[in-house]
$ cat entry_10.txt   # compact mmCIF, C-alpha atoms and all ligand atoms
# COMPACT_ATOMS: atom_id res chain seq x y z
CA MET O 1 0.00 0.00 0.00
CA THR O 2 1.29 3.48 -0.84
CA ILE O 3 0.02 7.00 -0.26
CA HIS O 4 -1.88 6.99 -3.55
CA ILE O 5 -2.44 3.29 -4.31
CA GLY O 6 -4.40 1.25 -1.80
CA ALA O 7 -3.52 -2.17 -3.25
CA ALA O 8 -1.47 -4.83 -1.50
CA LYS O 9 1.85 -5.44 -3.27
CA GLU O 10 0.73 -8.77 -4.69
CA ASP O 11 -2.44 -7.19 -6.12
CA ILE O 12 -0.51 -5.19 -8.74
CA ALA O 13 0.75 -7.08 -11.81
CA GLU O 14 4.19 -6.64 -13.39
CA THR O 15 2.43 -5.28 -16.47
CA VAL O 16 0.44 -2.09 -15.99
CA LEU O 17 -1.69 -0.23 -18.52
CA LEU O 18 -2.12 3.45 -17.69
CA PRO O 19 -5.07 5.43 -19.03
CA GLY O 20 -5.33 9.00 -17.77
CA ASP O 21 -9.05 8.51 -17.19
CA PRO O 22 -9.93 6.20 -14.26
CA TYR O 23 -13.23 5.34 -15.92
CA ARG O 24 -11.36 4.21 -19.03
CA ALA O 25 -9.44 1.92 -16.66
CA LYS O 26 -12.77 0.47 -15.48
CA TRP O 27 -14.13 0.07 -19.00
CA ALA O 28 -10.93 -1.50 -20.33
CA ALA O 29 -10.61 -3.90 -17.40
CA GLU O 30 -14.25 -4.99 -17.63
CA THR O 31 -14.08 -5.30 -21.43
CA PHE O 32 -10.74 -7.03 -21.97
CA LEU O 33 -9.68 -8.78 -18.75
CA GLN O 34 -10.95 -11.88 -16.98
CA ASP O 35 -11.25 -12.37 -13.20
CA VAL O 36 -11.14 -8.61 -12.69
CA ARG O 37 -10.82 -7.11 -9.22
CA LEU O 38 -10.85 -3.48 -8.13
CA VAL O 39 -7.47 -2.99 -6.43
CA ASN O 40 -7.35 0.77 -5.96
CA GLU O 41 -9.86 3.54 -5.43
CA VAL O 42 -7.80 6.05 -3.46
CA ARG O 43 -8.90 9.53 -4.66
CA GLY O 44 -11.19 7.79 -7.16
CA MET O 45 -8.15 6.91 -9.31
CA LEU O 46 -9.45 3.45 -10.08
CA GLY O 47 -7.13 0.49 -10.62
CA PHE O 48 -8.08 -3.07 -11.60
CA THR O 49 -6.15 -6.31 -11.84
CA GLY O 50 -7.20 -9.31 -13.90
CA THR O 51 -5.85 -11.62 -16.57
CA TRP O 52 -5.59 -11.37 -20.32
CA LYS O 53 -4.96 -14.66 -22.17
CA GLY O 54 -3.66 -16.02 -18.86
CA HIS O 55 -1.27 -13.10 -18.18
CA ARG O 56 -1.76 -10.89 -15.11
CA VAL O 57 -2.42 -7.24 -15.96
CA THR O 58 -3.22 -4.15 -13.90
CA ILE O 59 -5.03 -1.21 -15.46
CA GLN O 60 -4.50 1.85 -13.28
CA GLY O 61 -5.71 5.41 -13.95
CA SER O 62 -2.85 7.93 -13.95
CA GLY O 63 -4.78 11.23 -13.99
CA MET O 64 -4.19 14.17 -16.28
CA GLY O 65 -0.75 15.70 -16.74
CA MET O 66 2.78 14.61 -15.93
CA PRO O 67 2.82 15.51 -12.20
CA SER O 68 -0.12 13.17 -11.66
CA LEU O 69 1.27 10.35 -13.80
CA SER O 70 4.64 10.75 -12.05
CA ILE O 71 3.07 9.96 -8.66
CA TYR O 72 1.46 6.74 -9.89
CA VAL O 73 4.41 5.57 -11.95
CA ASN O 74 6.93 6.26 -9.17
CA GLU O 75 4.84 4.20 -6.75
CA LEU O 76 4.15 1.44 -9.29
CA ILE O 77 7.87 1.11 -10.04
CA LYS O 78 9.39 1.62 -6.58
CA ASP O 79 6.75 0.03 -4.34
CA TYR O 80 5.07 -2.49 -6.64
CA ASP O 81 8.03 -3.38 -8.90
CA ALA O 82 6.06 -2.84 -12.14
CA GLN O 83 8.24 -3.84 -15.10
CA THR O 84 6.19 -2.93 -18.17
CA LEU O 85 4.16 0.28 -18.23
CA ILE O 86 2.03 1.19 -21.23
CA ARG O 87 0.05 4.39 -21.41
CA ILE O 88 -3.29 4.05 -23.21
CA GLY O 89 -4.37 7.63 -23.78
CA SER O 90 -6.28 10.04 -25.93
CA CYS O 91 -4.48 12.69 -27.98
CA GLY O 92 -4.97 15.57 -30.38
CA GLY O 93 -3.88 15.00 -33.99
CA MET O 94 -1.33 17.49 -35.37
CA GLN O 95 -0.83 16.34 -38.96
CA ASP O 96 -3.16 16.21 -41.98
CA LYS O 97 -2.47 12.49 -42.44
CA VAL O 98 -3.65 11.75 -38.88
CA ASN O 99 -7.41 11.17 -38.59
CA LEU O 100 -9.82 10.97 -35.67
CA ARG O 101 -9.73 7.43 -34.11
CA ASP O 102 -6.34 6.59 -35.66
CA VAL O 103 -3.79 5.05 -33.31
CA ILE O 104 -0.46 6.73 -32.55
CA VAL O 105 2.52 4.75 -31.25
CA ALA O 106 4.94 7.22 -29.68
CA MET O 107 8.66 6.70 -30.39
CA THR O 108 9.55 9.80 -28.43
CA ALA O 109 7.87 12.76 -26.74
CA SER O 110 8.95 16.40 -26.91
CA SER O 111 8.07 18.72 -24.05
CA LEU O 112 8.62 22.21 -22.69
CA SER O 113 9.21 20.70 -19.29
CA THR O 114 8.57 17.53 -17.29
CA PRO O 115 8.68 16.72 -13.56
CA SER O 116 12.22 15.42 -14.36
CA ARG O 117 13.36 18.80 -15.69
CA GLY O 118 14.98 19.82 -12.40
CA PHE O 119 16.66 16.43 -12.09
CA PHE O 120 18.18 16.60 -15.58
CA ARG O 121 19.29 20.25 -15.11
CA GLU O 122 21.12 21.35 -18.30
CA LEU O 123 20.62 17.99 -20.05
CA ASN O 124 17.97 17.82 -22.77
CA PHE O 125 17.27 14.14 -22.22
CA ALA O 126 15.50 12.49 -25.18
CA PRO O 127 12.75 10.27 -23.75
CA CYS O 128 12.12 7.24 -25.92
CA ALA O 129 9.91 4.16 -26.00
CA ASP O 130 11.11 0.63 -25.38
CA TRP O 131 11.97 -0.81 -28.78
CA ASP O 132 10.55 -4.30 -28.20
CA LEU O 133 7.23 -2.88 -27.03
CA LEU O 134 7.09 -0.37 -29.87
CA HIS O 135 7.92 -2.98 -32.50
CA ALA O 136 5.36 -5.43 -31.09
CA ALA O 137 2.68 -2.72 -30.93
CA VAL O 138 3.22 -1.81 -34.57
CA GLN O 139 3.01 -5.47 -35.58
CA ALA O 140 -0.19 -5.88 -33.55
CA ALA O 141 -1.70 -2.77 -35.14
CA GLU O 142 -0.80 -4.02 -38.63
CA ALA O 143 -2.32 -7.41 -37.90
CA LYS O 144 -5.57 -5.75 -36.78
CA GLY O 145 -5.58 -3.36 -39.75
CA THR O 146 -5.87 -0.35 -37.44
CA PRO O 147 -4.80 2.91 -39.10
CA THR O 148 -1.65 3.62 -37.12
CA HIS O 149 1.12 6.23 -37.16
CA VAL O 150 4.52 5.82 -35.50
CA GLY O 151 6.66 8.81 -34.58
CA GLY O 152 7.19 11.70 -32.22
CA ILE O 153 4.48 13.23 -30.07
CA TYR O 154 4.33 16.31 -27.84
CA SER O 155 3.67 15.96 -24.09
CA SER O 156 2.17 19.29 -23.10
CA ASP O 157 1.65 20.72 -19.61
CA VAL O 158 -1.55 22.42 -20.69
CA PHE O 159 -4.71 21.34 -22.48
CA TYR O 160 -5.83 24.90 -23.21
CA ASP O 161 -2.75 26.13 -25.01
CA GLU O 162 -1.97 29.87 -25.19
CA ARG O 163 1.01 29.22 -27.50
CA PRO O 164 -0.33 28.67 -31.05
CA ASP O 165 3.18 29.45 -32.34
CA LEU O 166 4.52 26.44 -30.44
CA ASN O 167 1.91 24.12 -31.94
CA GLU O 168 2.86 25.48 -35.38
CA GLN O 169 6.48 24.49 -34.77
CA MET O 170 5.41 21.03 -33.61
CA VAL O 171 3.32 20.58 -36.77
CA ARG O 172 6.21 21.84 -38.90
CA HIS O 173 8.58 19.35 -37.27
CA GLY O 174 6.31 16.40 -38.01
CA VAL O 175 5.02 15.82 -34.49
CA LEU O 176 2.03 13.51 -34.86
CA ALA O 177 -0.09 14.41 -31.86
CA VAL O 178 -0.29 16.15 -28.49
CA GLU O 179 -1.07 14.59 -25.11
CA MET O 180 0.06 15.27 -21.56
CA GLU O 181 1.95 12.32 -19.98
CA ALA O 182 4.20 10.20 -22.20
CA ALA O 183 7.47 12.16 -21.85
CA GLU O 184 7.57 11.67 -18.07
CA LEU O 185 6.54 8.02 -18.35
CA TYR O 186 9.52 7.45 -20.67
CA ASN O 187 11.85 9.43 -18.37
CA LEU O 188 10.88 7.35 -15.34
CA ALA O 189 11.11 4.05 -17.20
CA ALA O 190 14.60 4.94 -18.46
CA ARG O 191 15.75 5.96 -14.96
CA HIS O 192 14.57 2.73 -13.38
CA GLY O 193 15.32 0.30 -16.22
CA ARG O 194 11.68 -0.54 -17.01
CA ARG O 195 9.88 -0.92 -20.32
CA ALA O 196 7.47 1.83 -21.38
CA LEU O 197 5.34 2.75 -24.35
CA ALA O 198 2.50 5.13 -25.14
CA VAL O 199 -0.26 3.91 -27.44
CA LEU O 200 -2.77 6.68 -28.10
CA THR O 201 -6.05 7.19 -29.91
CA VAL O 202 -6.75 10.46 -31.72
CA SER O 203 -9.76 12.02 -29.96
CA ASP O 204 -9.34 15.60 -31.21
CA HIS O 205 -7.70 17.29 -34.16
CA LEU O 206 -5.84 20.54 -33.76
CA LEU O 207 -5.93 21.32 -37.49
CA THR O 208 -9.58 20.46 -38.18
CA GLY O 209 -11.09 21.28 -34.78
CA GLU O 210 -12.83 17.88 -34.57
CA ALA O 211 -13.43 16.58 -31.02
CA MET O 212 -14.97 13.39 -29.63
CA PRO O 213 -17.53 13.56 -26.79
CA ALA O 214 -16.48 12.46 -23.28
CA ASP O 215 -18.26 9.08 -23.35
CA GLN O 216 -16.36 8.05 -26.48
CA ARG O 217 -13.04 9.08 -24.86
CA GLU O 218 -13.93 6.74 -22.01
CA ARG O 219 -15.19 3.73 -23.92
CA SER O 220 -14.44 3.62 -27.65
CA PHE O 221 -10.71 2.93 -27.72
CA GLY O 222 -10.72 -0.86 -27.96
CA ASP O 223 -8.06 -1.23 -30.67
CA MET O 224 -5.59 0.79 -28.58
CA VAL O 225 -6.13 -1.43 -25.54
CA GLU O 226 -5.76 -4.65 -27.53
CA ILE O 227 -2.62 -3.34 -29.24
CA ALA O 228 -1.12 -2.47 -25.84
CA LEU O 229 -1.96 -5.93 -24.45
CA GLU O 230 -0.57 -7.72 -27.51
CA ALA O 231 2.65 -5.67 -27.26
CA ALA O 232 3.08 -6.30 -23.54
CA PHE O 233 3.05 -10.07 -23.96
CA ALA O 234 4.58 -10.47 -27.45
O1 LIG D 301 -7.26 10.47 -22.20
P1 LIG D 301 -6.07 10.59 -21.32
O2 LIG D 301 -5.33 9.32 -21.15
O3 LIG D 301 -6.38 11.27 -20.00
O4 LIG D 301 -5.03 11.57 -22.09
C1 LIG D 301 -5.30 12.88 -22.57
O5 LIG D 301 -6.52 13.40 -22.11
C2 LIG D 301 -6.32 14.36 -21.05
C3 LIG D 301 -6.80 15.70 -21.50
O6 LIG D 301 -8.14 15.65 -21.85
C4 LIG D 301 -4.81 14.33 -20.77
O7 LIG D 301 -4.54 13.44 -19.73
C5 LIG D 301 -4.27 13.88 -22.09
O8 LIG D 301 -2.98 13.33 -22.10
O1 LIG D 302 -3.73 16.51 -24.45
C1 LIG D 302 -4.63 16.31 -25.27
C2 LIG D 302 -5.41 15.14 -25.25
C3 LIG D 302 -6.39 14.97 -26.17
N1 LIG D 302 -6.60 15.92 -27.08
C4 LIG D 302 -5.85 17.05 -27.09
O2 LIG D 302 -6.08 17.92 -27.93
N2 LIG D 302 -4.90 17.22 -26.19

$ encode --input "entry_10.txt" --output "structure tokens"
Amino acid sequence: MTIHIGAAKEDIAETVLLPGDPYRAKWAAETFLQDVRLVNEVRGMLGFTGTWKGHRVTIQGSGMGMPSLSIYVNELIKDYDAQTLIRIGSCGGMQDKVNLRDVIVAMTASSLSTPSRGFFRELNFAPCADWDLLHAAVQAAEAKGTPTHVGGIYSSDVFYDERPDLNEQMVRHGVLAVEMEAAELYNLAARHGRRALAVLTVSDHLLTGEAMPADQRERSFGDMVEIALEAAFA
């Protein structure tokens, strides 16, 4: 048990999927896992453990933004010894070729800052995904026929961005999508020698202004969850 996760150590699996939205955790666990148990509800940040094709999996909400994700991932790594951590999030498309509901597999994540910024001091550390997970996720996406893009994303500290010039530079530099957690997940995984990946579904589009309603952000991202599970146990 930790300050933010009420589960016993043995109730958290080595493989953890991390949606920002705790209700996406509930939906994904109830939809894709067997023998599901609620293992955390501290602060309403729901976590569930069950099995997928015989493998133990925890799906734990991480909240919105890197400071929130950092709390959960630090505790999952240091107190629960999680080995494989895969974010399953929503994101905003930033390229014409990226469409609503497409899947993004994030090789790397640019940021203005992360909770690790102070730790790295003058170093511009390049956070990157675990290659085996990334490769397996792309293969799983291809096998499913899910429209998928692989490349760099932007982990922003803000949802309501007052820097349109910054988004323009991201678009110009080929960044596929914006979300708010992956860069710090990759930083923490690198620091502690764990495997991490972010698999995202495009829920908004910054160029077209399209946006999905809240219920679809919670419950319509099945391909992303299956791709993450296939990658974790490839
Ligand atoms: O849908 P989730 O996983 O929460 O991810 C995205 O959605 C939230 C913003 O609406 C941020 O957390 C962002 O990263
Ligand atoms: O951070 C995010 C997440 C989803 N959609 C966005 O536009 N931004």

$ residues_around --input "entry_10.txt" --residues "O:Val158" --least-positions-apart "5" --cutoff "12 Å" --atoms "only C-alpha atoms" --output "PyMOL selection string"
chain O and resi 64-67+111-114+163+167+178-181

$ residues_near_ligand --input "entry_10.txt" --ligand "ligand LIG 301 (chain D)" --cutoff "9 Å" --atoms "only C-alpha atoms and all ligand atoms" --output "PDB file with C-alpha atoms, in the frame of the given file"
ATOM      1  CA  LEU O  18      -2.120   3.450 -17.690  1.00  0.00           C
ATOM      2  CA  PRO O  19      -5.070   5.430 -19.030  1.00  0.00           C
ATOM      3  CA  GLY O  20      -5.330   9.000 -17.770  1.00  0.00           C
ATOM      4  CA  ASP O  21      -9.050   8.510 -17.190  1.00  0.00           C
ATOM      5  CA  PRO O  22      -9.930   6.200 -14.260  1.00  0.00           C
ATOM      6  CA  ARG O  24     -11.360   4.210 -19.030  1.00  0.00           C
ATOM      7  CA  GLY O  61      -5.710   5.410 -13.950  1.00  0.00           C
ATOM      8  CA  SER O  62      -2.850   7.930 -13.950  1.00  0.00           C
ATOM      9  CA  GLY O  63      -4.780  11.230 -13.990  1.00  0.00           C
ATOM     10  CA  MET O  64      -4.190  14.170 -16.280  1.00  0.00           C
ATOM     11  CA  GLY O  65      -0.750  15.700 -16.740  1.00  0.00           C
ATOM     12  CA  MET O  66       2.780  14.610 -15.930  1.00  0.00           C
ATOM     13  CA  LEU O  69       1.270  10.350 -13.800  1.00  0.00           C
ATOM     14  CA  ARG O  87       0.050   4.390 -21.410  1.00  0.00           C
ATOM     15  CA  ILE O  88      -3.290   4.050 -23.210  1.00  0.00           C
ATOM     16  CA  GLY O  89      -4.370   7.630 -23.780  1.00  0.00           C
ATOM     17  CA  SER O  90      -6.280  10.040 -25.930  1.00  0.00           C
ATOM     18  CA  CYS O  91      -4.480  12.690 -27.980  1.00  0.00           C
ATOM     19  CA  GLY O  92      -4.970  15.570 -30.380  1.00  0.00           C
ATOM     20  CA  SER O 155       3.670  15.960 -24.090  1.00  0.00           C
ATOM     21  CA  SER O 156       2.170  19.290 -23.100  1.00  0.00           C
ATOM     22  CA  VAL O 158      -1.550  22.420 -20.690  1.00  0.00           C
ATOM     23  CA  PHE O 159      -4.710  21.340 -22.480  1.00  0.00           C
ATOM     24  CA  VAL O 178      -0.290  16.150 -28.490  1.00  0.00           C
ATOM     25  CA  GLU O 179      -1.070  14.590 -25.110  1.00  0.00           C
ATOM     26  CA  MET O 180       0.060  15.270 -21.560  1.00  0.00           C
ATOM     27  CA  GLU O 181       1.950  12.320 -19.980  1.00  0.00           C
ATOM     28  CA  ALA O 182       4.200  10.200 -22.200  1.00  0.00           C
ATOM     29  CA  LEU O 200      -2.770   6.680 -28.100  1.00  0.00           C
ATOM     30  CA  THR O 201      -6.050   7.190 -29.910  1.00  0.00           C
ATOM     31  CA  SER O 203      -9.760  12.020 -29.960  1.00  0.00           C
ATOM     32  CA  ARG O 217     -13.040   9.080 -24.860  1.00  0.00           C
ATOM     33  CA  GLU O 218     -13.930   6.740 -22.010  1.00  0.00           C
TER      34      GLU O 218
END

$ closest_residue --input "entry_10.txt" --among "O:Glu230, O:Asp96, O:Glu210, O:Asp165" --to "ligand LIG 302 (chain D)" --atoms "only C-alpha atoms and all ligand atoms"
O:Glu210

$ residues_around --input "entry_10.txt" --residues "O:Gly174" --least-positions-apart "5" --cutoff "10 Å" --atoms "only C-alpha atoms" --output "list in words"
Met94, Gln95, Gly151, Gly152, Ile153 and Gln169 of chain O

$ closest_residue --input "entry_10.txt" --among "O:Lys78, O:Arg101, O:Ala231, O:Val138" --to "ligand LIG 302 (chain D)" --atoms "all atoms listed in the file"
O:Arg101

$ residues_around --input "entry_10.txt" --residues "O:Asp102" --least-positions-apart "2" --cutoff "7 Å" --atoms "all atoms listed in the file" --output "VMD selection string"
chain O and resid 98 to 100 104 147 to 148 201 to 202

$ residues_around --input "entry_10.txt" --residues "O:Ala232" --least-positions-apart "5" --cutoff "10 Å" --atoms "only C-alpha atoms" --output "mmCIF file with C-alpha atoms, in the frame of the given file"
data_model
loop_
_atom_site.group_PDB
_atom_site.id
_atom_site.type_symbol
_atom_site.label_atom_id
_atom_site.label_comp_id
_atom_site.auth_asym_id
_atom_site.auth_seq_id
_atom_site.Cartn_x
_atom_site.Cartn_y
_atom_site.Cartn_z
ATOM 1 C CA THR O 15 2.430 -5.280 -16.470
ATOM 2 C CA VAL O 16 0.440 -2.090 -15.990
ATOM 3 C CA LEU O 17 -1.690 -0.230 -18.520
ATOM 4 C CA HIS O 55 -1.270 -13.100 -18.180
ATOM 5 C CA VAL O 57 -2.420 -7.240 -15.960
ATOM 6 C CA THR O 84 6.190 -2.930 -18.170
ATOM 7 C CA LEU O 85 4.160 0.280 -18.230
ATOM 8 C CA ILE O 86 2.030 1.190 -21.230
ATOM 9 C CA ASP O 132 10.550 -4.300 -28.200
ATOM 10 C CA LEU O 133 7.230 -2.880 -27.030
ATOM 11 C CA LEU O 134 7.090 -0.370 -29.870
ATOM 12 C CA ALA O 136 5.360 -5.430 -31.090
ATOM 13 C CA ALA O 137 2.680 -2.720 -30.930
ATOM 14 C CA ARG O 195 9.880 -0.920 -20.320
ATOM 15 C CA ALA O 196 7.470 1.830 -21.380
ATOM 16 C CA LEU O 197 5.340 2.750 -24.350
ATOM 17 C CA GLU O 226 -5.760 -4.650 -27.530
ATOM 18 C CA ILE O 227 -2.620 -3.340 -29.240
#

$ closest_residue --input "entry_10.txt" --among "O:Trp131, O:Val171, O:Ser68, O:Gly93" --to "ligand LIG 302 (chain D)" --atoms "all atoms listed in the file"
O:Gly93

$ residues_around --input "entry_10.txt" --residues "O:Phe32" --least-positions-apart "5" --cutoff "10 Å" --atoms "only C-alpha atoms" --output "list in words"
Trp27, Gly50, Thr51, Trp52, Lys53, Gly222, Val225, Glu226 and Leu229 of chain O

$ atom_distance --input "entry_10.txt" --atom1 "atom C4 of ligand LIG 302 (chain D)" --atom2 "atom CA of O:Ile12"
29.3 Å

$ closest_residue --input "entry_10.txt" --among "O:Ile71, O:Leu176, O:Ala126, O:Ala8" --to "ligand LIG 302 (chain D)" --atoms "all atoms listed in the file"
O:Leu176

$ closest_residue --input "entry_10.txt" --among "O:Pro164, O:Gly193, O:Gly209, O:Gly47" --to "ligand LIG 302 (chain D)" --atoms "only C-alpha atoms and all ligand atoms"
O:Gly209

$ closest_residue --input "entry_10.txt" --among "O:Met224, O:Met170, O:Ala211, O:Ala234" --to "ligand LIG 302 (chain D)" --atoms "only C-alpha atoms and all ligand atoms"
O:Ala211

$ atom_distance --input "entry_10.txt" --atom1 "atom CA of O:Gln139" --atom2 "atom CA of O:Lys26"
26.2 Å

$ residues_near_point --input "entry_10.txt" --point "(5.4, 5.6, -8.9)" --cutoff "10 Å" --atoms "all atoms listed in the file" --output "list in words"
Thr2, His4, Ile5, Ser62, Ser68, Leu69, Ser70, Ile71, Tyr72, Val73, Asn74, Glu75, Leu76, Ile77, Lys78, Asp79, Tyr80, Asp81, Ala82, Leu185 and Leu188 of chain O

$ atom_distance --input "entry_10.txt" --atom1 "atom CA of O:Asn124" --atom2 "atom CA of O:Ala106"
18.2 Å

$ decode --input "entry_10.txt" --residues "stretch 34-48 of chain O" --atoms "N, CA and C atoms" --output "PDB file, in the first residue's frame"
ATOM      1  N   GLN O  34     -10.145 -10.905 -17.717  1.00  0.00           N
ATOM      2  CA  GLN O  34     -10.952 -11.882 -16.980  1.00  0.00           C
ATOM      3  C   GLN O  34     -10.587 -11.793 -15.499  1.00  0.00           C
ATOM      4  N   ASP O  35     -11.484 -12.310 -14.664  1.00  0.00           N
ATOM      5  CA  ASP O  35     -11.250 -12.371 -13.201  1.00  0.00           C
ATOM      6  C   ASP O  35     -10.805 -11.014 -12.651  1.00  0.00           C
ATOM      7  N   VAL O  36     -11.541  -9.982 -13.039  1.00  0.00           N
ATOM      8  CA  VAL O  36     -11.141  -8.605 -12.693  1.00  0.00           C
ATOM      9  C   VAL O  36     -11.502  -8.270 -11.256  1.00  0.00           C
ATOM     10  N   ARG O  37     -10.562  -7.604 -10.576  1.00  0.00           N
ATOM     11  CA  ARG O  37     -10.819  -7.106  -9.216  1.00  0.00           C
ATOM     12  C   ARG O  37     -10.424  -5.653  -9.127  1.00  0.00           C
ATOM     13  N   LEU O  38     -11.233  -4.860  -8.442  1.00  0.00           N
ATOM     14  CA  LEU O  38     -10.854  -3.477  -8.133  1.00  0.00           C
ATOM     15  C   LEU O  38      -9.749  -3.521  -7.087  1.00  0.00           C
ATOM     16  N   VAL O  39      -8.586  -2.922  -7.392  1.00  0.00           N
ATOM     17  CA  VAL O  39      -7.473  -2.990  -6.430  1.00  0.00           C
ATOM     18  C   VAL O  39      -7.112  -1.616  -5.875  1.00  0.00           C
ATOM     19  N   ASN O  40      -7.617  -0.560  -6.505  1.00  0.00           N
ATOM     20  CA  ASN O  40      -7.352   0.772  -5.964  1.00  0.00           C
ATOM     21  C   ASN O  40      -8.517   1.706  -6.234  1.00  0.00           C
ATOM     22  N   GLU O  41      -8.888   2.460  -5.211  1.00  0.00           N
ATOM     23  CA  GLU O  41      -9.863   3.536  -5.425  1.00  0.00           C
ATOM     24  C   GLU O  41      -9.495   4.770  -4.615  1.00  0.00           C
ATOM     25  N   VAL O  42      -8.256   4.850  -4.173  1.00  0.00           N
ATOM     26  CA  VAL O  42      -7.805   6.046  -3.460  1.00  0.00           C
ATOM     27  C   VAL O  42      -7.971   7.254  -4.386  1.00  0.00           C
ATOM     28  N   ARG O  43      -8.606   8.307  -3.886  1.00  0.00           N
ATOM     29  CA  ARG O  43      -8.895   9.527  -4.664  1.00  0.00           C
ATOM     30  C   ARG O  43      -9.736   9.259  -5.907  1.00  0.00           C
ATOM     31  N   GLY O  44     -10.380   8.101  -5.972  1.00  0.00           N
ATOM     32  CA  GLY O  44     -11.187   7.790  -7.163  1.00  0.00           C
ATOM     33  C   GLY O  44     -10.342   7.428  -8.377  1.00  0.00           C
ATOM     34  N   MET O  45      -9.025   7.247  -8.179  1.00  0.00           N
ATOM     35  CA  MET O  45      -8.154   6.909  -9.308  1.00  0.00           C
ATOM     36  C   MET O  45      -8.127   5.385  -9.436  1.00  0.00           C
ATOM     37  N   LEU O  46      -9.160   4.883 -10.097  1.00  0.00           N
ATOM     38  CA  LEU O  46      -9.445   3.447 -10.082  1.00  0.00           C
ATOM     39  C   LEU O  46      -8.330   2.609 -10.704  1.00  0.00           C
ATOM     40  N   GLY O  47      -8.063   1.467 -10.079  1.00  0.00           N
ATOM     41  CA  GLY O  47      -7.127   0.486 -10.618  1.00  0.00           C
ATOM     42  C   GLY O  47      -7.730  -0.901 -10.518  1.00  0.00           C
ATOM     43  N   PHE O  48      -7.497  -1.726 -11.536  1.00  0.00           N
ATOM     44  CA  PHE O  48      -8.081  -3.069 -11.600  1.00  0.00           C
ATOM     45  C   PHE O  48      -6.987  -4.068 -11.973  1.00  0.00           C
TER      46      PHE O  48
END
